[in-house]
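Shown below: structure34.txt, with compact mmCIF, C-alpha atoms and all ligand atoms.
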```
# COMPACT_ATOMS: atom_id res chain seq x y z
CA MET A 1 0.00 0.00 0.00
CA TYR A 2 1.52 3.33 -1.16
CA LYS A 3 1.79 5.84 1.68
CA LEU A 4 3.54 9.18 2.15
CA ASP A 5 2.97 9.56 5.90
CA ASN A 6 6.56 10.50 6.74
CA ASP A 7 6.71 12.78 3.77
CA PHE A 8 3.66 14.77 4.93
CA THR A 9 5.17 15.12 8.43
CA LEU A 10 8.46 16.34 6.96
CA ARG A 11 6.65 18.86 4.80
CA GLU A 12 4.93 20.29 7.88
CA ARG A 13 8.28 20.61 9.64
CA ALA A 14 9.82 22.16 6.52
CA LEU A 15 7.24 24.94 6.57
CA LYS A 16 8.66 26.03 9.91
CA ALA A 17 12.32 25.24 9.36
CA PHE A 18 12.53 27.09 6.04
CA PRO A 19 10.81 30.41 5.31
CA ASN A 20 8.23 28.78 3.05
CA GLY A 21 9.01 25.07 2.95
CA VAL A 22 11.49 23.54 0.53
CA TYR A 23 12.43 26.21 -2.00
CA GLY A 24 13.05 26.38 -5.72
CA HIS A 25 11.97 23.86 -8.30
CA GLN A 26 12.41 21.01 -5.83
CA ALA A 27 9.57 22.36 -3.69
CA SER A 28 6.64 20.02 -3.17
CA GLY A 29 4.26 22.83 -4.11
CA SER A 30 5.42 22.65 -7.69
CA LEU A 31 4.07 19.10 -8.04
CA SER A 32 0.83 17.41 -7.05
CA PRO A 33 0.58 17.01 -3.25
CA ASN A 34 0.69 13.24 -3.65
CA HIS A 35 4.18 13.38 -5.14
CA PRO A 36 6.90 12.63 -2.57
CA GLN A 37 9.04 15.57 -1.48
CA PHE A 38 11.85 13.95 0.54
CA PHE A 39 14.14 11.09 -0.47
CA SER A 40 16.37 8.95 1.71
CA ARG A 41 18.37 6.89 -0.74
CA ALA A 42 19.50 6.88 -4.35
CA ARG A 43 21.34 4.24 -6.37
CA GLY A 44 21.74 3.84 -10.16
CA CYS A 45 18.45 5.03 -11.67
CA ARG A 46 16.46 4.35 -8.49
CA LEU A 47 15.26 6.54 -5.64
CA TRP A 48 13.68 5.67 -2.30
CA ASP A 49 11.52 8.26 -0.57
CA SER A 50 11.43 8.87 3.17
CA ASP A 51 8.55 6.39 3.51
CA GLY A 52 10.59 3.67 1.80
CA ASN A 53 8.72 3.73 -1.53
CA GLU A 54 11.01 2.87 -4.45
CA TYR A 55 10.97 4.67 -7.80
CA ILE A 56 12.63 4.36 -11.17
CA ASP A 57 13.64 8.01 -11.42
CA PHE A 58 13.22 9.92 -14.68
CA MET A 59 14.28 13.27 -13.18
CA CYS A 60 17.81 12.19 -12.25
CA GLY A 61 18.33 15.00 -9.75
CA TYR A 62 17.05 17.51 -12.33
CA GLY A 63 20.03 16.50 -14.42
CA THR A 64 22.83 16.03 -11.92
CA ASN A 65 22.76 12.27 -12.31
CA LEU A 66 24.26 11.31 -15.67
CA LEU A 67 25.89 7.93 -15.07
CA GLY A 68 23.70 6.66 -12.23
CA TYR A 69 23.44 7.73 -8.60
CA GLY A 70 26.42 6.58 -6.56
CA HIS A 71 28.46 5.53 -9.58
CA PRO A 72 31.19 3.36 -8.01
CA ARG A 73 34.09 4.68 -10.09
CA VAL A 74 33.13 8.33 -9.62
CA ASP A 75 32.42 7.90 -5.91
CA ASP A 76 35.72 6.04 -5.35
CA ALA A 77 37.69 8.76 -7.13
CA ALA A 78 35.93 11.45 -5.07
CA ALA A 79 36.42 9.57 -1.78
CA ARG A 80 40.14 9.00 -2.48
CA GLN A 81 40.55 12.69 -3.23
CA GLN A 82 38.61 13.75 -0.15
CA ARG A 83 40.90 11.71 2.09
CA GLN A 84 43.90 13.43 0.54
CA ILE A 85 42.83 17.09 0.21
CA ASP A 86 39.57 18.81 -0.64
CA CYS A 87 38.88 22.39 0.44
CA ALA A 88 42.16 24.00 1.49
CA THR A 89 44.22 27.19 1.50
CA GLY A 90 45.02 26.79 -2.19
CA PRO A 91 43.91 24.55 -5.03
CA SER A 92 45.22 21.05 -5.66
CA PRO A 93 47.11 20.52 -8.96
CA LEU A 94 44.04 18.54 -9.99
CA MET A 95 42.26 21.83 -10.69
CA LEU A 96 44.84 22.59 -13.35
CA GLU A 97 44.73 19.08 -14.81
CA LEU A 98 40.95 19.26 -15.10
CA ALA A 99 41.07 22.69 -16.75
CA GLU A 100 43.63 21.38 -19.24
CA MET A 101 41.40 18.40 -19.91
CA TYR A 102 38.42 20.65 -20.72
CA ASN A 103 40.54 23.00 -22.81
CA ASP A 104 41.64 19.97 -24.76
CA LYS A 105 38.26 18.27 -25.16
CA LEU A 106 35.88 21.20 -25.73
CA ALA A 107 36.40 22.46 -29.28
CA HIS A 108 35.84 26.14 -28.42
CA ALA A 109 37.79 26.20 -25.14
CA ASP A 110 41.15 27.91 -24.62
CA TRP A 111 40.60 28.53 -20.90
CA THR A 112 38.34 27.40 -18.06
CA ILE A 113 37.01 28.79 -14.77
CA PHE A 114 35.45 26.52 -12.13
CA ALA A 115 32.59 27.42 -9.80
CA LYS A 116 29.83 25.54 -8.05
CA ASN A 117 26.37 26.17 -9.51
CA GLY A 118 24.86 26.84 -12.90
CA THR A 119 23.94 30.38 -11.86
CA ASP A 120 27.61 31.06 -11.04
CA ALA A 121 28.56 29.90 -14.51
CA THR A 122 25.95 31.86 -16.49
CA THR A 123 26.70 34.97 -14.42
CA ILE A 124 30.44 34.66 -15.06
CA CYS A 125 29.73 34.35 -18.80
CA VAL A 126 27.61 37.51 -18.80
CA MET A 127 30.21 39.44 -16.76
CA THR A 128 33.00 38.24 -19.05
CA ALA A 129 31.10 39.28 -22.17
CA ARG A 130 30.56 42.76 -20.74
CA ALA A 131 34.13 43.06 -19.50
CA GLN A 132 35.61 42.02 -22.83
CA THR A 133 33.37 44.04 -25.14
CA GLY A 134 32.93 47.12 -22.96
CA LYS A 135 29.22 46.90 -23.84
CA ASN A 136 26.18 46.09 -21.69
CA THR A 137 23.21 44.61 -23.52
CA ILE A 138 22.45 40.89 -23.28
CA LEU A 139 19.84 39.19 -25.47
CA ILE A 140 17.88 36.49 -23.63
CA ALA A 141 15.26 34.16 -25.12
CA ASP A 142 11.79 34.81 -23.78
CA GLY A 143 10.92 32.19 -21.14
CA ALA A 144 14.43 30.69 -20.96
CA TYR A 145 15.86 29.79 -17.55
CA HIS A 146 19.46 30.83 -16.85
CA GLY A 147 19.50 30.60 -13.05
CA SER A 148 18.33 32.29 -9.87
CA GLY A 149 20.55 35.40 -9.66
CA PRO A 150 18.98 38.88 -9.62
CA TRP A 151 19.68 39.33 -13.35
CA CYS A 152 17.90 36.11 -14.37
CA THR A 153 15.55 34.77 -11.67
CA PRO A 154 12.15 33.95 -13.16
CA GLY A 155 10.45 35.23 -9.97
CA PRO A 156 11.95 38.71 -9.70
CA VAL A 157 10.89 39.48 -6.14
CA GLY A 158 13.59 41.23 -4.12
CA VAL A 159 15.42 42.52 -7.15
CA THR A 160 15.58 46.04 -8.52
CA PRO A 161 14.61 47.11 -12.04
CA GLY A 162 18.27 48.06 -12.40
CA ASP A 163 19.25 44.40 -11.98
CA ARG A 164 17.40 43.73 -15.24
CA ASP A 165 18.65 46.76 -17.16
CA HIS A 166 20.38 46.17 -20.49
CA GLN A 167 18.42 43.05 -21.37
CA ILE A 168 16.35 42.49 -24.52
CA SER A 169 14.32 39.37 -25.17
CA TYR A 170 13.96 37.38 -28.39
CA ASP A 171 12.01 34.27 -29.38
CA TYR A 172 13.98 31.01 -29.50
CA ASN A 173 14.39 29.63 -33.03
CA ASP A 174 13.02 32.84 -34.55
CA VAL A 175 15.76 34.46 -36.61
CA SER A 176 13.79 37.61 -37.37
CA SER A 177 13.09 38.26 -33.69
CA LEU A 178 16.77 37.69 -32.92
CA ARG A 179 17.74 40.16 -35.64
CA ALA A 180 15.23 42.70 -34.33
CA ALA A 181 16.69 42.37 -30.82
CA VAL A 182 20.21 42.85 -32.20
CA GLU A 183 19.04 45.96 -34.00
CA GLN A 184 17.43 47.29 -30.83
CA ALA A 185 20.69 46.75 -28.94
CA GLY A 186 22.42 48.93 -31.53
CA ASN A 187 26.09 49.42 -30.72
CA ASP A 188 25.67 48.14 -27.13
CA LEU A 189 25.37 44.38 -27.82
CA ALA A 190 27.60 42.44 -25.39
CA ALA A 191 26.17 38.93 -25.81
CA ILE A 192 23.45 36.62 -26.97
CA ILE A 193 22.78 33.91 -24.39
CA VAL A 194 21.08 30.78 -25.66
CA SER A 195 20.34 27.28 -24.41
CA PRO A 196 21.31 24.31 -26.61
CA PHE A 197 17.64 23.61 -27.26
CA LYS A 198 14.45 25.23 -26.06
CA HIS A 199 13.83 23.43 -22.79
CA ASP A 200 11.41 25.82 -21.10
CA VAL A 201 8.89 24.43 -18.60
CA PHE A 202 5.23 23.78 -19.54
CA VAL A 203 5.63 24.11 -23.31
CA ASP A 204 6.82 21.89 -26.15
CA GLN A 205 10.60 21.69 -26.45
CA GLU A 206 12.39 22.65 -29.67
CA TRP A 207 15.74 21.63 -31.09
CA PRO A 208 17.37 24.68 -32.74
CA THR A 209 17.18 24.99 -36.47
CA ASP A 210 20.55 25.21 -38.22
CA GLU A 211 19.47 28.59 -39.51
CA PHE A 212 18.84 29.92 -35.99
CA ALA A 213 22.09 28.62 -34.47
CA LYS A 214 24.16 29.91 -37.40
CA ALA A 215 22.40 33.28 -37.33
CA ALA A 216 23.17 33.62 -33.60
CA ARG A 217 26.84 32.88 -34.32
CA ALA A 218 27.00 35.28 -37.27
CA LEU A 219 25.23 38.13 -35.45
CA CYS A 220 27.71 37.88 -32.58
CA ASP A 221 30.63 37.91 -35.00
CA GLU A 222 29.26 40.90 -36.92
CA ASN A 223 28.66 42.89 -33.73
CA ASN A 224 31.77 41.95 -31.77
CA ALA A 225 29.59 40.28 -29.13
CA ALA A 226 29.81 36.95 -27.28
CA LEU A 227 27.75 33.91 -28.14
CA ILE A 228 27.09 32.37 -24.70
CA LEU A 229 25.82 28.79 -24.67
CA ASP A 230 23.98 27.95 -21.45
CA ASP A 231 24.81 24.26 -21.40
CA VAL A 232 24.11 23.93 -17.66
CA ARG A 233 21.30 21.43 -18.19
CA CYS A 234 22.46 19.60 -21.32
CA ALA A 235 26.23 19.19 -21.01
CA PHE A 236 27.55 15.71 -21.87
CA ARG A 237 24.10 14.27 -22.61
CA PHE A 238 24.71 14.70 -26.37
CA VAL A 239 28.45 15.11 -27.00
CA LEU A 240 31.55 15.29 -24.86
CA GLY A 241 31.87 18.97 -25.69
CA SER A 242 29.58 21.98 -25.79
CA THR A 243 26.24 20.71 -27.05
CA TRP A 244 26.18 22.81 -30.23
CA GLU A 245 29.33 21.00 -31.39
CA ALA A 246 26.76 18.46 -32.57
CA ILE A 247 25.45 21.03 -35.07
CA GLY A 248 28.79 22.64 -35.87
CA VAL A 249 28.33 25.94 -34.02
CA LEU A 250 30.88 26.89 -31.38
CA PRO A 251 30.14 29.38 -28.60
CA ASP A 252 32.60 32.00 -27.36
CA LEU A 253 31.62 31.27 -23.77
CA CYS A 254 29.95 28.18 -22.38
CA ALA A 255 28.37 27.51 -18.98
CA MET A 256 28.10 23.91 -17.78
CA SER A 257 27.13 22.34 -14.48
CA LYS A 258 24.56 19.72 -13.35
CA SER A 259 26.00 16.48 -14.69
CA VAL A 260 29.68 17.28 -15.28
CA ALA A 261 30.81 15.65 -12.02
CA ASN A 262 27.91 13.18 -11.81
CA GLY A 263 26.32 14.78 -8.76
CA TYR A 264 29.34 16.45 -7.12
CA SER A 265 28.94 20.19 -7.16
CA LEU A 266 30.83 21.79 -9.98
CA ALA A 267 30.22 24.45 -12.60
CA VAL A 268 32.48 25.02 -15.57
CA VAL A 269 32.86 28.18 -17.62
CA SER A 270 34.95 27.78 -20.72
CA GLY A 271 35.83 30.31 -23.35
CA ASN A 272 38.00 31.14 -26.32
CA ASP A 273 41.02 33.41 -26.52
CA LYS A 274 38.93 36.33 -27.79
CA PHE A 275 37.39 36.53 -24.31
CA ARG A 276 40.42 35.59 -22.22
CA GLU A 277 41.30 39.13 -21.20
CA GLY A 278 37.75 39.98 -20.06
CA ALA A 279 37.50 36.71 -18.15
CA GLY A 280 40.80 37.45 -16.47
CA GLN A 281 39.64 40.87 -15.34
CA ILE A 282 36.35 40.07 -13.63
CA TYR A 283 36.51 39.34 -9.93
CA THR A 284 34.82 36.06 -9.20
CA THR A 285 35.44 33.38 -6.63
CA GLY A 286 33.82 31.33 -3.87
CA SER A 287 34.97 29.69 -0.65
CA PHE A 288 34.27 26.21 -2.00
CA TRP A 289 35.16 26.70 -5.65
CA PHE A 290 38.60 25.09 -5.27
CA ALA A 291 37.37 21.91 -3.59
CA ALA A 292 39.28 19.05 -5.19
CA THR A 293 36.74 16.29 -4.55
CA SER A 294 34.50 17.65 -7.32
CA PHE A 295 37.48 17.92 -9.67
CA ALA A 296 38.33 14.24 -9.10
CA ALA A 297 34.69 13.29 -9.67
CA ALA A 298 34.58 15.36 -12.88
CA MET A 299 37.73 13.71 -14.28
CA GLU A 300 36.39 10.25 -13.57
CA THR A 301 33.00 11.18 -15.06
CA ILE A 302 34.69 12.05 -18.35
CA SER A 303 36.66 8.77 -18.34
CA VAL A 304 33.52 6.73 -17.70
CA ILE A 305 31.56 8.52 -20.45
CA GLU A 306 34.37 7.80 -22.91
CA GLU A 307 35.03 4.21 -21.88
CA GLU A 308 31.41 3.10 -21.47
CA ASP A 309 29.89 5.04 -24.36
CA SER A 310 27.39 6.47 -21.88
CA ILE A 311 25.91 9.03 -24.27
CA ALA A 312 24.74 6.28 -26.64
CA ALA A 313 23.35 4.28 -23.69
CA ILE A 314 21.34 7.28 -22.46
CA LYS A 315 19.92 7.90 -25.93
CA ALA A 316 18.97 4.23 -26.39
CA ALA A 317 17.14 4.19 -23.04
CA GLY A 318 15.32 7.41 -23.94
CA ASP A 319 14.29 6.08 -27.36
CA THR A 320 12.83 2.91 -25.82
CA LEU A 321 10.92 4.87 -23.18
CA ARG A 322 9.54 7.29 -25.79
CA LYS A 323 8.33 4.50 -28.07
CA GLY A 324 6.77 2.57 -25.19
CA LEU A 325 4.91 5.59 -23.82
CA ASP A 326 3.59 6.48 -27.27
CA GLU A 327 2.28 2.96 -27.83
CA GLN A 328 0.62 2.86 -24.42
CA ALA A 329 -0.95 6.28 -24.77
CA SER A 330 -2.51 5.48 -28.11
CA ALA A 331 -3.72 2.08 -26.85
CA TYR A 332 -5.65 3.96 -24.16
CA GLY A 333 -6.88 6.64 -26.56
CA PHE A 334 -4.56 9.48 -25.52
CA SER A 335 -2.25 11.47 -27.72
CA LEU A 336 1.13 12.48 -26.28
CA ARG A 337 3.43 15.26 -27.32
CA GLN A 338 6.91 13.99 -26.53
CA THR A 339 9.19 16.86 -27.46
CA GLY A 340 12.88 17.56 -27.09
CA PRO A 341 15.56 14.92 -27.51
CA SER A 342 14.80 11.51 -26.01
CA GLN A 343 17.73 11.96 -23.55
CA MET A 344 15.78 14.88 -22.02
CA PRO A 345 12.14 14.40 -22.96
CA LEU A 346 9.18 16.55 -22.06
CA VAL A 347 6.04 14.43 -22.14
CA LEU A 348 2.76 16.35 -22.40
CA ILE A 349 -0.74 15.06 -23.06
CA ASP A 350 -2.88 16.64 -25.80
CA ASP A 351 -6.02 18.51 -24.71
CA ASP A 352 -4.57 19.14 -21.28
CA PRO A 353 -4.11 22.92 -21.13
CA MET A 354 -3.74 23.10 -17.34
CA TRP A 355 -1.60 19.89 -17.06
CA GLU A 356 -4.40 18.34 -15.00
CA LYS A 357 -4.33 15.01 -16.82
CA ASN A 358 -0.56 14.93 -16.71
CA ASN A 359 -0.45 15.67 -12.98
CA PHE A 360 -2.88 12.85 -12.45
CA PHE A 361 -0.91 10.50 -14.71
CA CYS A 362 2.45 11.29 -13.09
CA ASN A 363 0.95 10.81 -9.67
CA GLU A 364 -0.49 7.44 -10.67
CA ALA A 365 2.92 6.53 -12.10
CA ALA A 366 4.61 7.53 -8.81
CA GLN A 367 2.26 5.28 -6.88
CA ARG A 368 3.45 2.48 -9.15
CA GLY A 369 7.13 3.23 -8.66
CA VAL A 370 7.90 5.51 -11.62
CA TYR A 371 8.95 9.11 -10.93
CA MET A 372 7.99 11.38 -13.84
CA HIS A 373 7.36 15.11 -14.18
CA PRO A 374 4.19 16.66 -15.63
CA TRP A 375 5.65 19.90 -17.04
CA HIS A 376 9.47 19.96 -16.74
CA ASN A 377 11.75 18.10 -19.10
CA MET A 378 12.87 14.78 -17.66
CA PHE A 379 16.35 13.23 -17.76
CA LEU A 380 17.55 9.75 -18.69
CA CYS A 381 20.84 8.43 -17.32
CA ALA A 382 23.29 5.70 -18.26
CA ALA A 383 22.00 3.51 -15.42
CA HIS A 384 18.58 3.20 -17.07
CA ARG A 385 19.08 -0.29 -18.49
CA GLU A 386 16.67 -2.12 -20.78
CA ALA A 387 15.17 -3.99 -17.82
CA ASP A 388 14.53 -0.73 -15.92
CA ILE A 389 12.75 0.82 -18.89
CA ALA A 390 10.70 -2.35 -19.37
CA GLU A 391 9.74 -2.33 -15.69
CA ALA A 392 8.86 1.37 -15.83
CA LEU A 393 6.65 0.77 -18.87
CA GLU A 394 4.88 -2.14 -17.18
CA ASN A 395 3.96 0.28 -14.42
CA THR A 396 3.03 3.26 -16.57
CA ASP A 397 0.53 0.98 -18.29
CA GLY A 398 -1.40 0.92 -15.01
CA ALA A 399 -1.12 4.71 -14.79
CA PHE A 400 -2.61 5.10 -18.29
CA LYS A 401 -5.40 2.71 -17.32
CA ALA A 402 -6.19 4.88 -14.27
CA LEU A 403 -6.02 8.01 -16.45
CA LYS A 404 -8.53 6.47 -18.86
CA LYS A 405 -10.87 5.68 -15.98
CA GLN A 406 -10.64 9.23 -14.67
CA PHE A 407 -10.64 11.25 -17.88
CA GLY A 408 -11.50 8.76 -20.65
C1 LIG A 501 19.72 26.00 -18.36
C2 LIG A 501 20.02 26.32 -16.95
N1 LIG A 501 20.83 27.36 -16.66
C3 LIG A 501 21.16 27.69 -15.39
C4 LIG A 501 20.66 26.95 -14.34
C5 LIG A 501 21.02 27.34 -12.93
O1 LIG A 501 21.76 26.33 -12.34
P1 LIG A 501 21.86 26.25 -10.75
O2 LIG A 501 20.49 25.87 -10.25
O3 LIG A 501 22.87 25.17 -10.49
O4 LIG A 501 22.31 27.57 -10.25
C6 LIG A 501 19.84 25.85 -14.60
C7 LIG A 501 19.28 25.07 -13.49
O5 LIG A 501 18.33 24.34 -13.61
C8 LIG A 501 19.49 25.54 -15.92
O6 LIG A 501 18.71 24.52 -16.21
```
How does this structure look as structure tokens?
Ligand SMILES: Cc1ncc(COP(=O)(O)O)c(C=O)c1O
Amino acid sequence: MYKLDNDFTLRERALKAFPNGVYGHQASGSLSPNHPQFFSRARGCRLWDSDGNEYIDFMCGYGTNLLGYGHPRVDDAAARQQRQIDCATGPSPLMLELAEMYNDKLAHADWTIFAKNGTDATTICVMTARAQTGKNTILIADGAYHGSGPWCTPGPVGVTPGDRDHQISYDYNDVSSLRAAVEQAGNDLAAIIVSPFKHDVFVDQEWPTDEFAKAARALCDENNAALILDDVRCAFRFVLGSTWEAIGVLPDLCAMSKSVANGYSLAVVSGNDKFREGAGQIYTTGSFWFAATSFAAAMETISVIEEEDSIAAIKAAGDTLRKGLDEQASAYGFSLRQTGPSQMPLVLIDDDPMWEKNNFFCNEAAQRGVYMHPWHNMFLCAAHREADIAEALENTDGAFKALKKQFG
């Protein structure tokens, strides 16, 4: 019998312990109340909540889990490093080795800066672009998420209008709106920031057209501005490089985080020599940014991806899940919109404008041991083996049956 008794008690306590319960996108309020909020254990592609319910997890820590939770090789490398030196008065030589590794592997990269969170990385990119070009205006796609800093938080409470000065929005994949925004920026264009594909919440995802990606590159070149790729969510799920390497477009500056150290906290900014001076001039640092444990985890993550062909494994798992869900949905008379790449799918149900059916479906799936999200893109990982996907699909069948009973 599926119960969330502990979870409800913890949520009550959280309302007192934190200003307004668990914050950010991991808050229970952002999902149906019958979705678990707290988890006690994670291994491979599986999660156990605080009541002991087990799930095959298709959120993968909102992207931090690439190879599987608790990957033995990554965890061993991190533990060995932690015993030796982690956070200290100066960096370990490992920091340099890792930077050299990125500069070598990422086609656009001549230099690297490490930080801790995606917001650190996107903010450093924006600061670098402004420092290098001496200009201010940043073009940002309407609805895109680039972090929680004052310049980019989607809920701008507690920020000043000045924090959002010098920003112009454009529509993703729409070359004419991008051109119009460039024109509006006039001679003040510092950067265009763009995500590798449109992965906004609630709406269908879109892979960039070649025309759009190339236009973004060309407009930056023509205007002496930086093309910033916000690869925080996508890095290493498509290529072992910046994600637009797959379509032959290189950024000037790239922000990565989430999966690069398979769950250890690390953000990576990389850039080309055109932006080296600006990057060298900005003041940026953090007390924990030199911690060597994450560097060791990141190095091992790259080795595992290369040796185990993890990117292909993640894609294969995503393709099987996508096909299975489509077949089930149509067998029960529903039509799904599965958009975005199968490594990071967003699954929406047609005729469901307020995501009511999808909330119900995801909740039914959770009760059957499958953790899915009704309006945020999901994430596959290399630990999703054929048997896990088959088991997940066996259980989503029951969720579709319940959906049919409720809404059919
Ligand atoms: C595309 C993108 N950029 C930036 C961020 C911010 O990263 P963080 O939450 O680590 O600060 C996120 C986080 O979800 C993201 O998805």
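Counting only C-alpha atoms, the residue from A:Val182, A:Ile85, A:Ala392, A:Leu321 that sits nearest to Gln338 in chain A is A:Leu321.
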Produce a table with one row for each residue of chain A that has an atom at most 9 Å from any atom of ligand LIG 501 (chain A), each row naming the nearest atom pair and its distance in Å at one decimal; use all atoms listed in the file; arrange rows by chain and rising residue number; format as CSV.
```
residue,atom,partner,partner_atom,distance
A:Gly24,CA,A:LIG501,O2,8.7
A:His25,CA,A:LIG501,O5,8.3
A:Tyr62,CA,A:LIG501,O5,7.1
A:Gly63,CA,A:LIG501,O5,8.1
A:Lys116,CA,A:LIG501,O3,7.4
A:Asn117,CA,A:LIG501,O3,3.8
A:Gly118,CA,A:LIG501,O1,3.2
A:Thr119,CA,A:LIG501,O4,3.6
A:Asp120,CA,A:LIG501,O4,6.4
A:Ala121,CA,A:LIG501,C3,7.8
A:Thr122,CA,A:LIG501,C3,6.4
A:Ala144,CA,A:LIG501,C1,7.5
A:Tyr145,CA,A:LIG501,C2,5.5
A:His146,CA,A:LIG501,N1,3.7
A:Gly147,CA,A:LIG501,C5,3.6
A:Ser148,CA,A:LIG501,O4,6.2
A:Gly149,CA,A:LIG501,O4,8.0
A:Val194,CA,A:LIG501,C1,8.8
A:Ser195,CA,A:LIG501,C1,6.2
A:Pro196,CA,A:LIG501,C1,8.6
A:His199,CA,A:LIG501,C1,7.8
A:Asp200,CA,A:LIG501,C1,8.8
A:Asp230,CA,A:LIG501,C1,5.6
A:Asp231,CA,A:LIG501,C1,6.2
A:Val232,CA,A:LIG501,C2,4.8
A:Arg233,CA,A:LIG501,O6,4.5
A:Cys234,CA,A:LIG501,C1,7.6
A:Ala255,CA,A:LIG501,N1,7.9
A:Met256,CA,A:LIG501,N1,8.1
A:Ser257,CA,A:LIG501,O3,6.5
A:Lys258,CA,A:LIG501,O3,6.4
A:Ser265,CA,A:LIG501,O3,8.5
A:Leu266,CA,A:LIG501,O3,8.7
A:Ala267,CA,A:LIG501,O3,7.7
```
Which residues are near range 340-354 of chain A? Cut-off 9 Å, only C-alpha atoms, ignore same chain within fewer than 5 positions. Put them as a PDB file with C-alpha atoms, keeping the file's coordinate frame.
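Result file around.pdb:
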```pdb
ATOM      1  CA  GLY A  63      20.030  16.500 -14.420  1.00  0.00           C
ATOM      2  CA  PHE A 197      17.640  23.610 -27.260  1.00  0.00           C
ATOM      3  CA  LYS A 198      14.450  25.230 -26.060  1.00  0.00           C
ATOM      4  CA  HIS A 199      13.830  23.430 -22.790  1.00  0.00           C
ATOM      5  CA  VAL A 201       8.890  24.430 -18.600  1.00  0.00           C
ATOM      6  CA  PHE A 202       5.230  23.780 -19.540  1.00  0.00           C
ATOM      7  CA  VAL A 203       5.630  24.110 -23.310  1.00  0.00           C
ATOM      8  CA  ASP A 204       6.820  21.890 -26.150  1.00  0.00           C
ATOM      9  CA  GLN A 205      10.600  21.690 -26.450  1.00  0.00           C
ATOM     10  CA  GLU A 206      12.390  22.650 -29.670  1.00  0.00           C
ATOM     11  CA  TRP A 207      15.740  21.630 -31.090  1.00  0.00           C
ATOM     12  CA  CYS A 234      22.460  19.600 -21.320  1.00  0.00           C
ATOM     13  CA  ARG A 237      24.100  14.270 -22.610  1.00  0.00           C
ATOM     14  CA  PHE A 238      24.710  14.700 -26.370  1.00  0.00           C
ATOM     15  CA  ILE A 311      25.910   9.030 -24.270  1.00  0.00           C
ATOM     16  CA  ILE A 314      21.340   7.280 -22.460  1.00  0.00           C
ATOM     17  CA  LYS A 315      19.920   7.900 -25.930  1.00  0.00           C
ATOM     18  CA  ALA A 316      18.970   4.230 -26.390  1.00  0.00           C
ATOM     19  CA  ALA A 317      17.140   4.190 -23.040  1.00  0.00           C
ATOM     20  CA  GLY A 318      15.320   7.410 -23.940  1.00  0.00           C
ATOM     21  CA  ASP A 319      14.290   6.080 -27.360  1.00  0.00           C
ATOM     22  CA  THR A 320      12.830   2.910 -25.820  1.00  0.00           C
ATOM     23  CA  LEU A 321      10.920   4.870 -23.180  1.00  0.00           C
ATOM     24  CA  ARG A 322       9.540   7.290 -25.790  1.00  0.00           C
ATOM     25  CA  ALA A 329      -0.950   6.280 -24.770  1.00  0.00           C
ATOM     26  CA  PHE A 334      -4.560   9.480 -25.520  1.00  0.00           C
ATOM     27  CA  SER A 335      -2.250  11.470 -27.720  1.00  0.00           C
ATOM     28  CA  HIS A 373       7.360  15.110 -14.180  1.00  0.00           C
ATOM     29  CA  PRO A 374       4.190  16.660 -15.630  1.00  0.00           C
ATOM     30  CA  TRP A 375       5.650  19.900 -17.040  1.00  0.00           C
ATOM     31  CA  HIS A 376       9.470  19.960 -16.740  1.00  0.00           C
ATOM     32  CA  ASN A 377      11.750  18.100 -19.100  1.00  0.00           C
ATOM     33  CA  MET A 378      12.870  14.780 -17.660  1.00  0.00           C
ATOM     34  CA  PHE A 379      16.350  13.230 -17.760  1.00  0.00           C
ATOM     35  CA  LEU A 380      17.550   9.750 -18.690  1.00  0.00           C
ATOM     36  CA  CYS A 381      20.840   8.430 -17.320  1.00  0.00           C
TER      37      CYS A 381
END
```
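One finds CA of Ala382 in chain A at 9.9 Å from CA of Tyr69 in chain A.
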* Excluding Ile138 in chain A and any residue of its chain fewer than 2 positions from it, enumerate the residues within 7 Å of it, using only C-alpha atoms, and give them as a list of chain:residue names. =>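 That gives A:Asn136, A:Ile140, A:His166, A:Gln167, A:Ile168, A:Leu189, A:Ala190, A:Ala191, A:Ile192.
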Write range 340-346 of chain A as a PDB file, keeping the file's coordinate frame, completed to N, CA and C atoms.
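File rebuild_10.pdb, as written:
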```pdb
ATOM      1  N   GLY A 340      11.489  17.516 -27.563  1.00  0.00           N
ATOM      2  CA  GLY A 340      12.880  17.560 -27.090  1.00  0.00           C
ATOM      3  C   GLY A 340      13.537  16.219 -27.386  1.00  0.00           C
ATOM      4  N   PRO A 341      14.843  16.168 -27.248  1.00  0.00           N
ATOM      5  CA  PRO A 341      15.560  14.920 -27.510  1.00  0.00           C
ATOM      6  C   PRO A 341      15.190  13.845 -26.498  1.00  0.00           C
ATOM      7  N   SER A 342      15.284  12.579 -26.897  1.00  0.00           N
ATOM      8  CA  SER A 342      14.800  11.510 -26.010  1.00  0.00           C
ATOM      9  C   SER A 342      15.685  11.374 -24.757  1.00  0.00           C
ATOM     10  N   GLN A 343      16.896  11.929 -24.768  1.00  0.00           N
ATOM     11  CA  GLN A 343      17.730  11.960 -23.550  1.00  0.00           C
ATOM     12  C   GLN A 343      17.130  12.870 -22.481  1.00  0.00           C
ATOM     13  N   MET A 344      16.352  13.873 -22.929  1.00  0.00           N
ATOM     14  CA  MET A 344      15.780  14.880 -22.020  1.00  0.00           C
ATOM     15  C   MET A 344      14.355  15.191 -22.457  1.00  0.00           C
ATOM     16  N   PRO A 345      13.465  14.207 -22.364  1.00  0.00           N
ATOM     17  CA  PRO A 345      12.140  14.400 -22.960  1.00  0.00           C
ATOM     18  C   PRO A 345      11.197  15.225 -22.106  1.00  0.00           C
ATOM     19  N   LEU A 346      10.343  15.974 -22.762  1.00  0.00           N
ATOM     20  CA  LEU A 346       9.180  16.550 -22.060  1.00  0.00           C
ATOM     21  C   LEU A 346       7.968  15.805 -22.610  1.00  0.00           C
TER      22      LEU A 346
END
```
